[in-house]
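Structure data (compact mmCIF, C-alpha atoms) from run_19.txt:
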# COMPACT_ATOMS: atom_id res chain seq x y z
CA MET E 159 -31.48 -2.54 -15.14
CA PRO E 160 -30.13 -2.11 -11.56
CA ILE E 161 -26.36 -2.60 -11.29
CA SER E 162 -24.04 -3.45 -8.42
CA LYS E 163 -22.88 -0.50 -6.33
CA ILE E 164 -19.48 0.04 -4.80
CA MET E 165 -18.89 1.35 -1.28
CA MET E 166 -15.67 3.30 -0.70
CA PRO E 167 -14.36 5.00 2.48
CA ASN E 168 -14.85 8.42 0.89
CA ALA E 169 -18.52 9.32 0.28
CA ALA E 170 -17.70 11.64 -2.63
CA GLN E 171 -15.63 8.93 -4.36
CA THR E 172 -18.44 6.41 -3.78
CA ALA E 173 -20.93 8.75 -5.45
CA ALA E 174 -18.56 9.52 -8.34
CA MET E 175 -17.75 5.89 -9.13
CA ASN E 176 -21.38 4.78 -8.91
CA ALA E 177 -22.39 7.72 -11.14
CA LEU E 178 -19.87 6.56 -13.77
CA ARG E 179 -21.34 3.07 -13.69
CA ASP E 180 -24.88 4.42 -13.98
CA LYS E 181 -23.78 6.65 -16.88
CA HIS E 182 -22.19 3.69 -18.64
CA GLU E 183 -25.44 1.76 -18.24
CA SER E 184 -27.56 4.65 -19.52
CA GLU E 185 -25.32 5.15 -22.56
CA HIS E 186 -25.77 1.52 -23.54
CA GLU E 187 -29.52 1.61 -23.00
CA ALA E 188 -29.70 4.60 -25.36
CA MET E 189 -27.45 2.85 -27.90
CA GLN E 190 -29.56 -0.30 -27.67
CA PHE E 191 -32.74 1.70 -28.23
CA MET E 192 -31.19 3.43 -31.27
CA TYR E 193 -29.76 0.35 -32.97
CA GLY E 194 -31.52 -2.65 -31.46
CA ASN E 195 -30.84 -5.74 -33.54
CA LYS E 196 -30.19 -3.77 -36.73
CA LEU E 197 -26.42 -3.79 -36.37
CA ALA E 198 -24.32 -5.21 -39.19
CA ILE E 199 -21.26 -4.84 -36.98
CA GLY E 200 -20.83 -3.90 -33.33
CA ASN E 201 -22.47 -4.53 -29.99
CA ALA E 202 -24.73 -2.12 -28.12
CA SER E 203 -25.42 -4.44 -25.17
CA PRO E 204 -24.83 -3.17 -21.64
CA LEU E 205 -22.69 -5.14 -19.21
CA PRO E 206 -24.29 -8.08 -17.42
CA ARG E 207 -26.14 -7.04 -14.28
CA ASP E 208 -23.76 -8.45 -11.65
CA VAL E 209 -20.42 -7.80 -13.33
CA TRP E 210 -19.47 -4.84 -11.10
CA GLY E 211 -20.18 -6.80 -7.94
CA ILE E 212 -17.98 -9.65 -9.17
CA TRP E 213 -15.11 -7.30 -10.06
CA ASP E 214 -15.34 -5.49 -6.71
CA ALA E 215 -15.08 -8.80 -4.87
CA GLU E 216 -12.09 -9.86 -6.97
CA SER E 217 -10.31 -6.64 -6.07
CA VAL E 218 -10.53 -7.39 -2.36
CA GLU E 219 -9.39 -10.98 -2.85
CA LEU E 220 -6.38 -9.98 -4.93
CA GLN E 221 -5.19 -7.35 -2.48
CA ARG E 222 -5.34 -9.82 0.39
CA SER E 223 -3.22 -12.35 -1.48
CA THR E 224 -0.69 -9.94 -3.01
CA LEU E 225 -0.13 -6.83 -0.89
CA ALA E 226 1.44 -8.24 2.27
CA VAL E 227 3.38 -5.13 3.36
CA PHE E 228 1.01 -2.51 1.93
CA ASN E 229 -2.09 -4.16 3.39
CA ASP E 230 -0.47 -4.65 6.78
CA LEU E 231 0.35 -0.95 6.99
CA ALA E 232 -2.92 0.21 5.45
CA SER E 233 -4.94 -1.82 7.95
CA SER E 234 -3.25 -0.02 10.86
CA VAL E 235 -2.16 3.49 9.85
CA ALA E 236 -4.22 4.47 6.78
CA THR E 237 -5.28 8.12 6.58
CA PRO E 238 -8.00 9.25 4.13
CA THR E 239 -6.49 11.95 1.91
CA PRO E 240 -8.23 14.10 -0.72
CA ILE E 241 -7.26 12.74 -4.12
CA GLY E 242 -6.89 16.30 -5.41
CA LYS E 243 -3.78 16.81 -3.26
CA LEU E 244 -0.52 16.32 -5.13
CA MET E 245 1.43 16.59 -1.88
CA HIS E 246 0.74 15.83 1.78
CA PHE E 247 2.79 17.70 4.38
CA PHE E 248 3.82 16.99 7.96
CA ARG E 249 5.67 19.29 10.34
CA THR E 250 8.73 18.78 12.53
CA THR E 251 9.28 20.90 15.63
CA SER E 252 12.59 21.37 17.42
CA ASP E 253 13.07 21.62 21.19
CA SER E 254 12.85 25.07 22.74
CA GLY E 255 13.23 26.75 26.12
CA SER E 256 14.86 25.34 29.23
CA ALA E 257 13.88 24.36 32.76
CA ASN E 258 14.65 26.70 35.68
CA ILE E 259 14.92 25.67 39.34
CA SER E 260 14.74 28.16 42.21
CA LEU E 261 13.38 28.68 45.71
CA ASP E 262 11.48 31.86 44.96
CA GLY E 263 9.73 30.60 41.82
CA ARG E 264 10.92 33.46 39.66
CA GLY E 265 11.48 32.33 36.12
CA LYS E 266 15.01 32.97 34.90
CA ALA E 267 15.14 30.38 32.11
CA LYS E 268 16.06 31.55 28.64
CA THR E 269 13.15 31.66 26.21
CA ASP E 270 13.37 30.86 22.53
CA GLN E 271 11.15 29.83 19.65
CA PRO E 272 10.91 26.25 18.32
CA LEU E 273 12.04 25.75 14.74
CA MET E 274 9.21 24.40 12.58
CA GLU E 275 9.81 22.83 9.16
CA TYR E 276 7.42 21.24 6.67
CA HIS E 277 8.12 18.05 4.69
CA GLY E 278 6.07 16.71 1.79
CA THR E 279 5.05 13.30 0.46
CA PRO E 280 3.76 13.10 -3.15
CA LEU E 281 0.46 11.26 -3.64
CA PRO E 282 0.44 9.49 -7.04
CA ILE E 283 -2.43 7.91 -8.97
CA ILE E 284 -1.83 4.38 -10.28
CA ASP E 285 -3.93 3.05 -13.13
CA SER E 286 -4.02 0.23 -15.66
CA GLU E 287 -6.54 -0.28 -18.44
CA PHE E 288 -8.08 -3.37 -19.98
CA SER E 289 -10.56 -3.77 -22.81
CA TYR E 290 -12.80 -6.21 -24.69
CA GLY E 291 -13.70 -6.02 -28.36
CA TRP E 292 -17.37 -5.77 -29.25
CA ARG E 293 -17.24 -9.27 -30.73
CA GLN E 294 -15.68 -10.78 -27.62
CA MET E 295 -18.46 -9.26 -25.54
CA MET E 296 -21.15 -10.49 -27.92
CA ALA E 297 -19.64 -13.98 -28.05
CA SER E 298 -19.58 -14.28 -24.26
CA GLN E 299 -23.20 -13.18 -24.02
CA THR E 300 -24.30 -15.44 -26.90
CA GLU E 301 -22.69 -18.49 -25.27
CA GLY E 302 -23.92 -17.57 -21.81
CA GLU E 303 -20.36 -17.49 -20.50
CA SER E 304 -18.78 -15.14 -17.99
CA LEU E 305 -16.56 -12.32 -19.24
CA GLU E 306 -12.95 -13.14 -20.04
CA MET E 307 -10.92 -12.82 -16.83
CA ASP E 308 -7.40 -12.40 -18.19
CA GLY E 309 -7.64 -8.70 -18.99
CA ARG E 310 -9.08 -7.46 -15.73
CA MET E 311 -7.03 -9.79 -13.54
CA ASN E 312 -3.84 -8.61 -15.23
CA ALA E 313 -4.78 -4.93 -14.78
CA MET E 314 -5.66 -5.53 -11.14
CA ARG E 315 -2.38 -7.35 -10.53
CA ARG E 316 -0.35 -4.54 -12.08
CA VAL E 317 -1.97 -1.92 -9.84
CA ALA E 318 -1.71 -4.16 -6.77
CA GLU E 319 1.97 -4.89 -7.35
CA LYS E 320 2.71 -1.19 -7.87
CA LEU E 321 1.03 -0.32 -4.55
CA GLU E 322 3.23 -2.89 -2.83
CA ASP E 323 6.32 -1.69 -4.68
CA ILE E 324 5.93 1.99 -3.77
CA ALA E 325 5.37 1.05 -0.12
CA ILE E 326 8.68 -0.82 -0.08
CA ASN E 327 10.81 1.01 -2.68
CA GLY E 328 9.03 4.28 -3.44
CA ASP E 329 9.41 5.71 -6.96
CA SER E 330 12.29 8.00 -7.94
CA ASP E 331 10.29 9.30 -10.92
CA ILE E 332 7.62 10.82 -8.66
CA VAL E 333 9.02 14.16 -7.45
CA VAL E 334 6.98 17.25 -6.53
CA THR E 335 8.82 20.52 -5.75
CA GLY E 336 11.92 18.54 -4.80
CA ASN E 337 10.07 16.02 -2.63
CA GLN E 338 10.55 12.43 -3.83
CA LEU E 339 8.24 9.50 -3.20
CA TYR E 340 10.18 7.20 -0.85
CA GLY E 341 9.49 3.71 0.46
CA LEU E 342 10.64 1.72 3.49
CA ARG E 343 13.91 0.68 1.78
CA THR E 344 14.75 4.07 0.28
CA ASN E 345 13.72 6.77 2.75
CA PRO E 346 16.87 8.71 3.73
CA ASN E 347 15.68 8.99 7.35
CA ARG E 348 15.54 5.25 7.99
CA ALA E 349 18.25 3.74 10.17
CA THR E 350 20.42 1.21 8.32
CA ARG E 351 22.95 -1.53 8.94
CA THR E 352 24.54 -4.42 7.04
CA THR E 353 23.45 -8.00 7.64
CA GLY E 354 26.32 -10.44 7.99
CA VAL E 355 24.59 -13.66 6.92
CA THR E 356 22.31 -15.17 4.31
CA MET E 357 19.02 -15.55 6.17
CA ASN E 358 17.87 -18.56 4.15
CA GLY E 359 20.38 -20.95 5.71
CA ALA E 360 21.34 -19.02 8.85
CA THR E 361 21.29 -20.62 12.30
CA GLY E 362 18.72 -19.72 14.91
CA ALA E 363 21.30 -17.73 16.86
CA GLN E 364 22.21 -15.76 13.72
CA TRP E 365 18.56 -14.98 13.03
CA ASN E 366 18.18 -13.80 16.62
CA ASP E 367 21.25 -11.54 16.38
CA GLU E 368 20.14 -9.96 13.08
CA VAL E 369 16.62 -9.17 14.31
CA VAL E 370 17.85 -7.80 17.65
CA ALA E 371 20.44 -5.64 15.90
CA THR E 372 17.71 -4.24 13.61
CA LEU E 373 15.50 -3.42 16.60
CA LYS E 374 18.42 -1.66 18.28
CA LEU E 375 18.59 0.71 15.31
CA LEU E 376 15.14 1.92 16.37
CA HIS E 377 16.27 2.24 19.97
CA GLY E 378 19.17 4.38 18.78
CA MET E 379 16.58 6.79 17.33
CA ASN E 380 14.72 6.89 20.67
CA VAL E 381 11.89 4.77 19.27
CA LYS E 382 11.43 2.10 21.91
CA ARG E 383 8.13 0.47 21.07
CA PRO E 384 7.18 -2.95 19.60
CA ALA E 385 7.91 -3.11 15.87
CA THR E 386 6.51 -5.09 12.97
CA ILE E 387 9.20 -7.04 11.12
CA TYR E 388 8.98 -7.44 7.33
CA VAL E 389 11.08 -10.22 5.79
CA ASN E 390 11.35 -12.15 2.54
CA TRP E 391 8.73 -14.89 2.17
CA ASP E 392 11.25 -17.64 1.34
CA ASP E 393 13.49 -16.59 4.24
CA TRP E 394 10.55 -16.83 6.64
CA PHE E 395 9.47 -20.18 5.20
CA TYR E 396 12.95 -21.48 5.99
CA ALA E 397 12.75 -20.05 9.51
CA SER E 398 9.31 -21.58 10.03
CA ASN E 399 10.53 -25.07 9.15
CA THR E 400 13.97 -25.13 10.80
CA ASP E 401 14.64 -25.90 14.45
CA PHE E 402 16.22 -23.02 16.36
CA SER E 403 18.82 -25.20 18.11
CA THR E 404 19.21 -28.12 20.47
CA GLN E 405 18.82 -25.52 23.24
CA TYR E 406 15.18 -25.11 22.24
CA PRO E 407 13.93 -28.56 21.18
CA ASN E 408 10.73 -28.68 19.12
CA LYS E 409 10.83 -24.92 18.55
CA THR E 410 11.46 -23.35 15.15
CA ILE E 411 13.53 -20.26 14.40
CA ALA E 412 10.31 -18.41 13.53
CA GLN E 413 8.76 -19.24 16.91
CA ARG E 414 11.79 -17.96 18.81
CA ILE E 415 11.98 -14.77 16.72
CA GLN E 416 8.39 -13.94 17.56
CA GLU E 417 9.24 -14.28 21.26
CA ILE E 418 11.89 -11.53 21.13
CA GLY E 419 10.91 -8.53 23.24
CA GLY E 420 10.10 -5.66 20.92
CA VAL E 421 8.77 -7.80 18.06
CA ALA E 422 5.07 -7.07 17.61
CA SER E 423 4.62 -9.36 14.60
CA VAL E 424 6.42 -10.75 11.55
CA VAL E 425 5.00 -10.27 8.03
CA PRO E 426 6.61 -12.18 5.12
CA SER E 427 6.38 -10.80 1.59
CA ASP E 428 7.76 -11.75 -1.82
CA SER E 429 8.47 -8.06 -2.37
CA VAL E 430 11.05 -7.82 0.43
CA PRO E 431 14.46 -8.81 -1.01
CA ALA E 432 16.16 -11.93 0.36
CA SER E 433 18.23 -11.54 3.53
CA GLU E 434 16.75 -8.10 4.31
CA ILE E 435 14.92 -7.15 7.50
CA ILE E 436 12.69 -4.08 7.79
CA ALA E 437 11.43 -3.05 11.22
CA VAL E 438 8.56 -0.54 11.44
CA VAL E 439 6.83 0.99 14.45
CA LYS E 440 3.23 1.41 13.32
CA ASP E 441 2.39 4.70 15.00
CA ARG E 442 0.63 7.51 13.09
CA GLN E 443 3.16 9.99 14.44
CA LEU E 444 5.85 8.00 12.63
CA ILE E 445 4.21 6.48 9.56
CA GLN E 446 0.98 6.77 7.56
CA VAL E 447 -0.53 5.27 4.43
CA LEU E 448 -2.04 8.22 2.56
CA ASN E 449 -5.17 6.75 0.98
CA GLY E 450 -6.42 8.94 -1.85
CA MET E 451 -8.52 6.19 -3.48
CA PRO E 452 -8.82 2.45 -2.86
CA MET E 453 -8.57 0.16 -5.88
CA SER E 454 -11.64 0.72 -8.04
CA TYR E 455 -12.92 0.48 -11.62
CA ARG E 456 -13.97 3.18 -14.03
CA PRO E 457 -15.76 2.46 -17.31
CA LYS E 458 -14.88 4.59 -20.32
CA THR E 459 -17.47 5.97 -22.71
CA ARG E 460 -18.39 3.97 -25.84
CA ASN E 461 -19.74 6.29 -28.50
CA ASN E 462 -20.30 3.66 -31.18
CA PRO E 463 -21.42 0.01 -31.16
CA GLU E 464 -18.15 -1.09 -32.77
CA ASP E 465 -15.99 0.60 -30.11
CA ASP E 466 -14.12 -1.53 -27.59
CA TYR E 467 -15.40 -1.90 -24.04
CA VAL E 468 -12.61 -0.13 -22.11
CA PHE E 469 -12.15 -0.03 -18.33
CA SER E 470 -9.59 1.53 -16.03
CA VAL E 471 -8.39 0.11 -12.71
CA MET E 472 -7.32 2.98 -10.45
CA ALA E 473 -5.86 3.53 -6.99
CA SER E 474 -4.13 6.38 -5.21
CA ALA E 475 -1.90 5.78 -2.20
CA ALA E 476 1.53 6.61 -0.80
CA LEU E 477 3.59 5.81 2.28
CA GLU E 478 4.44 8.84 4.41
CA ILE E 479 7.43 8.09 6.64
CA ARG E 480 7.60 10.77 9.30
CA PHE E 481 10.63 11.85 11.31
CA ASP E 482 11.46 14.37 14.01
CA ALA E 483 13.61 17.50 13.88
CA ASP E 484 16.71 15.34 14.51
CA GLY E 485 15.88 13.06 11.57
CA ASN E 486 14.76 10.11 13.72
CA SER E 487 12.09 7.91 12.12
CA GLY E 488 10.32 4.68 13.04
CA VAL E 489 11.90 2.61 10.25
CA ALA E 490 15.02 0.43 10.53
CA HIS E 491 16.52 -1.51 7.62
CA SER E 492 19.11 -4.30 7.61
CA ALA E 493 20.42 -5.38 4.19
CA PRO E 494 23.41 -7.31 2.78
Rewrite the coordinates I just gave you, this time as structure tokens.
Amino acid sequence: MPISKIMMPNAAQTAAMNALRDKHESEHEAMQFMYGNKLAIGNASPLPRDVWGIWDAESVELQRSTLAVFNDLASSVATPTPIGKLMHFFRTTSDSGSANISLDGRGKAKTDQPLMEYHGTPLPIIDSEFSYGWRQMMASQTEGESLEMDGRMNAMRRVAEKLEDIAINGDSDIVVTGNQLYGLRTNPNRATRTTGVTMNGATGAQWNDEVVATLKLLHGMNVKRPATIYVNWDDWFYASNTDFSTQYPNKTIAQRIQEIGGVASVVPSDSVPASEIIAVVKDRQLIQVLNGMPMSYRPKTRNNPEDDYVFSVMASAALEIRFDADGNSGVAHSAP
């Protein structure tokens, strides 16, 4: 029976995942041939024909509704990375040499070598499993109903939320040769300041001052390009439904904030803590989403008809925040 195929950015991963699905199908065809309807207990039926296509579509839908920060970065600065790499490195290079001015054109400037250093970002694999008992599967097929959604939706949500969490907070438990997995709020090379107000309740002028002050942190690191602003969803909802001031009638705080020079866009997310502002310049020289594997599904082998149907939701990604030899990055963070 032909089954739905998945298409992934990496051709090798596409072939591997589709091979696993084909293998799962073949195993069940062999089990069905061996046992047929002679089972006293257990289920040898393969998965319904279109189940993989349905699950693939649900994965895309869930990511769009859950991963506000991760998806925004991944859509702009994602870099395919071999999943076999435990660590991805980037290099910083110091200034070297000097300029000489003369009338005869003879070079008298001092020469020296630039200092090059390598910095690593760990690339973790995130997974969550879900399963169905043989009787659950048989019951759904007997009644002509779709498969139970709770298990797979919960596994997908766990992986999706972890992708969002490591983009924002990193994970202190992921350390490779002394290199920790950092996020936007935890990277030691981000520029930081303290916000002086509670954003959900602040005036338009206070919102303006906090955003401008966050952008100036980037300017202080010689990063003077439009930045994407990440804020808490409830804070932005307040700003979107509150007038800026009598100075700007019929204009909300959110509308005025988006008019500030240097603000490329504003992305609200439940994962950003209240009253915090994160400004990011989305330039590959400054930040990348290392994409080892997009969210996908892997069936596990069933050796016996009474075994559970077990599946694994997997993804591999990390945020690489780059900085120069002076420690200047493209991330600024304002927090209470």
Could you name the residues that touch Leu321 (chain E) at 8 Å or less, counting only C-alpha atoms, but leaving out those on the same chain fewer than 5 positions away, as a ChimeraX atom specification? /E:225,228,284,475-476
Write out as an NGL selection string the residues lying within 8 Å of region 406-415 of chain E, counting all atoms listed in the file and excluding same-chain residues fewer than 2 positions away. :E and (362 or 365-366 or 369 or 394 or 397-404 or 417-418 or 421)
Selected residues written out with C-alpha atoms, as an mmCIF file, keeping the file's coordinate frame:
data_model
loop_
_atom_site.group_PDB
_atom_site.id
_atom_site.type_symbol
_atom_site.label_atom_id
_atom_site.label_comp_id
_atom_site.auth_asym_id
_atom_site.auth_seq_id
_atom_site.Cartn_x
_atom_site.Cartn_y
_atom_site.Cartn_z
ATOM 1 C CA GLY E 362 18.720 -19.720 14.910
ATOM 2 C CA TRP E 365 18.560 -14.980 13.030
ATOM 3 C CA ASN E 366 18.180 -13.800 16.620
ATOM 4 C CA VAL E 369 16.620 -9.170 14.310
ATOM 5 C CA TRP E 394 10.550 -16.830 6.640
ATOM 6 C CA ALA E 397 12.750 -20.050 9.510
ATOM 7 C CA SER E 398 9.310 -21.580 10.030
ATOM 8 C CA ASN E 399 10.530 -25.070 9.150
ATOM 9 C CA THR E 400 13.970 -25.130 10.800
ATOM 10 C CA ASP E 401 14.640 -25.900 14.450
ATOM 11 C CA PHE E 402 16.220 -23.020 16.360
ATOM 12 C CA SER E 403 18.820 -25.200 18.110
ATOM 13 C CA THR E 404 19.210 -28.120 20.470
ATOM 14 C CA GLU E 417 9.240 -14.280 21.260
ATOM 15 C CA ILE E 418 11.890 -11.530 21.130
ATOM 16 C CA VAL E 421 8.770 -7.800 18.060
#
Selected residue of minimal separation from Phe395 (chain E) among E:Val425, E:His277, E:Ala313, E:Gly485, counting all atoms listed in the file: E:Val425
Polymer residues at most 10 Å from (10.2, 15.0, 11.4) by only C-alpha atoms, as an mmCIF file with C-alpha atoms, in the frame of the given file:
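That gives us result23.cif:
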data_model
loop_
_atom_site.group_PDB
_atom_site.id
_atom_site.type_symbol
_atom_site.label_atom_id
_atom_site.label_comp_id
_atom_site.auth_asym_id
_atom_site.auth_seq_id
_atom_site.Cartn_x
_atom_site.Cartn_y
_atom_site.Cartn_z
ATOM 1 C CA PHE E 248 3.820 16.990 7.960
ATOM 2 C CA ARG E 249 5.670 19.290 10.340
ATOM 3 C CA THR E 250 8.730 18.780 12.530
ATOM 4 C CA THR E 251 9.280 20.900 15.630
ATOM 5 C CA SER E 252 12.590 21.370 17.420
ATOM 6 C CA MET E 274 9.210 24.400 12.580
ATOM 7 C CA GLU E 275 9.810 22.830 9.160
ATOM 8 C CA TYR E 276 7.420 21.240 6.670
ATOM 9 C CA HIS E 277 8.120 18.050 4.690
ATOM 10 C CA ASN E 347 15.680 8.990 7.350
ATOM 11 C CA GLN E 443 3.160 9.990 14.440
ATOM 12 C CA LEU E 444 5.850 8.000 12.630
ATOM 13 C CA ILE E 479 7.430 8.090 6.640
ATOM 14 C CA ARG E 480 7.600 10.770 9.300
ATOM 15 C CA PHE E 481 10.630 11.850 11.310
ATOM 16 C CA ASP E 482 11.460 14.370 14.010
ATOM 17 C CA ALA E 483 13.610 17.500 13.880
ATOM 18 C CA ASP E 484 16.710 15.340 14.510
ATOM 19 C CA GLY E 485 15.880 13.060 11.570
ATOM 20 C CA ASN E 486 14.760 10.110 13.720
ATOM 21 C CA SER E 487 12.090 7.910 12.120
#
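The coordinates place CA of Asn380 (chain E) at 25.9 Å from CA of Pro426 (chain E).
Remark: for Pro494 (chain E), the closest of the candidate residues E:Leu375, E:Met472, E:Val355, E:Leu448 is E:Val355 (distances computed over only C-alpha atoms).
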Nearby residues (all atoms listed in the file) at most 9 Å from region 234-240 of chain E, same-chain spacing under 5 positions excluded, as a PDB file with C-alpha atoms, in the coordinates of the input:
ATOM      1  CA  PRO E 167     -14.360   5.000   2.480  1.00  0.00           C
ATOM      2  CA  ASN E 168     -14.850   8.420   0.890  1.00  0.00           C
ATOM      3  CA  ASN E 229      -2.090  -4.160   3.390  1.00  0.00           C
ATOM      4  CA  HIS E 246       0.740  15.830   1.780  1.00  0.00           C
ATOM      5  CA  LEU E 281       0.460  11.260  -3.640  1.00  0.00           C
ATOM      6  CA  LYS E 440       3.230   1.410  13.320  1.00  0.00           C
ATOM      7  CA  ASP E 441       2.390   4.700  15.000  1.00  0.00           C
ATOM      8  CA  ARG E 442       0.630   7.510  13.090  1.00  0.00           C
ATOM      9  CA  ILE E 445       4.210   6.480   9.560  1.00  0.00           C
ATOM     10  CA  GLN E 446       0.980   6.770   7.560  1.00  0.00           C
ATOM     11  CA  VAL E 447      -0.530   5.270   4.430  1.00  0.00           C
ATOM     12  CA  LEU E 448      -2.040   8.220   2.560  1.00  0.00           C
ATOM     13  CA  ASN E 449      -5.170   6.750   0.980  1.00  0.00           C
ATOM     14  CA  GLY E 450      -6.420   8.940  -1.850  1.00  0.00           C
ATOM     15  CA  MET E 451      -8.520   6.190  -3.480  1.00  0.00           C
ATOM     16  CA  ALA E 475      -1.900   5.780  -2.200  1.00  0.00           C
TER      17      ALA E 475
END
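Candidate residues E:Ile324, E:Gly378, E:Thr353, E:Ala437 were compared for distance to Gly341 (chain E), and the nearest is E:Ile324, using only C-alpha atoms.
The space between CA of Glu434 (chain E) and CA of Lys382 (chain E) spans 21.0 Å.
With all atoms listed in the file as the atoms that count, the residue of E:Asp285, E:Asp367, E:Glu478, E:Asp331 with the shortest distance to Glu319 (chain E) is E:Asp285.
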Which residues come within 8 Å of Asn337 (chain E), counting all atoms listed in the file, excluding same-chain residues fewer than 5 positions away, as a PyMOL selection string? chain E and resi 277-280
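Note that the spacing between CA of Thr459 (chain E) and CA of Ala473 (chain E) amounts to 19.7 Å.
Counting all atoms listed in the file and comparing E:Ile332, E:Ile326, E:Val430, E:Leu339, the residue that lies closest to Leu231 (chain E) is E:Ile326.
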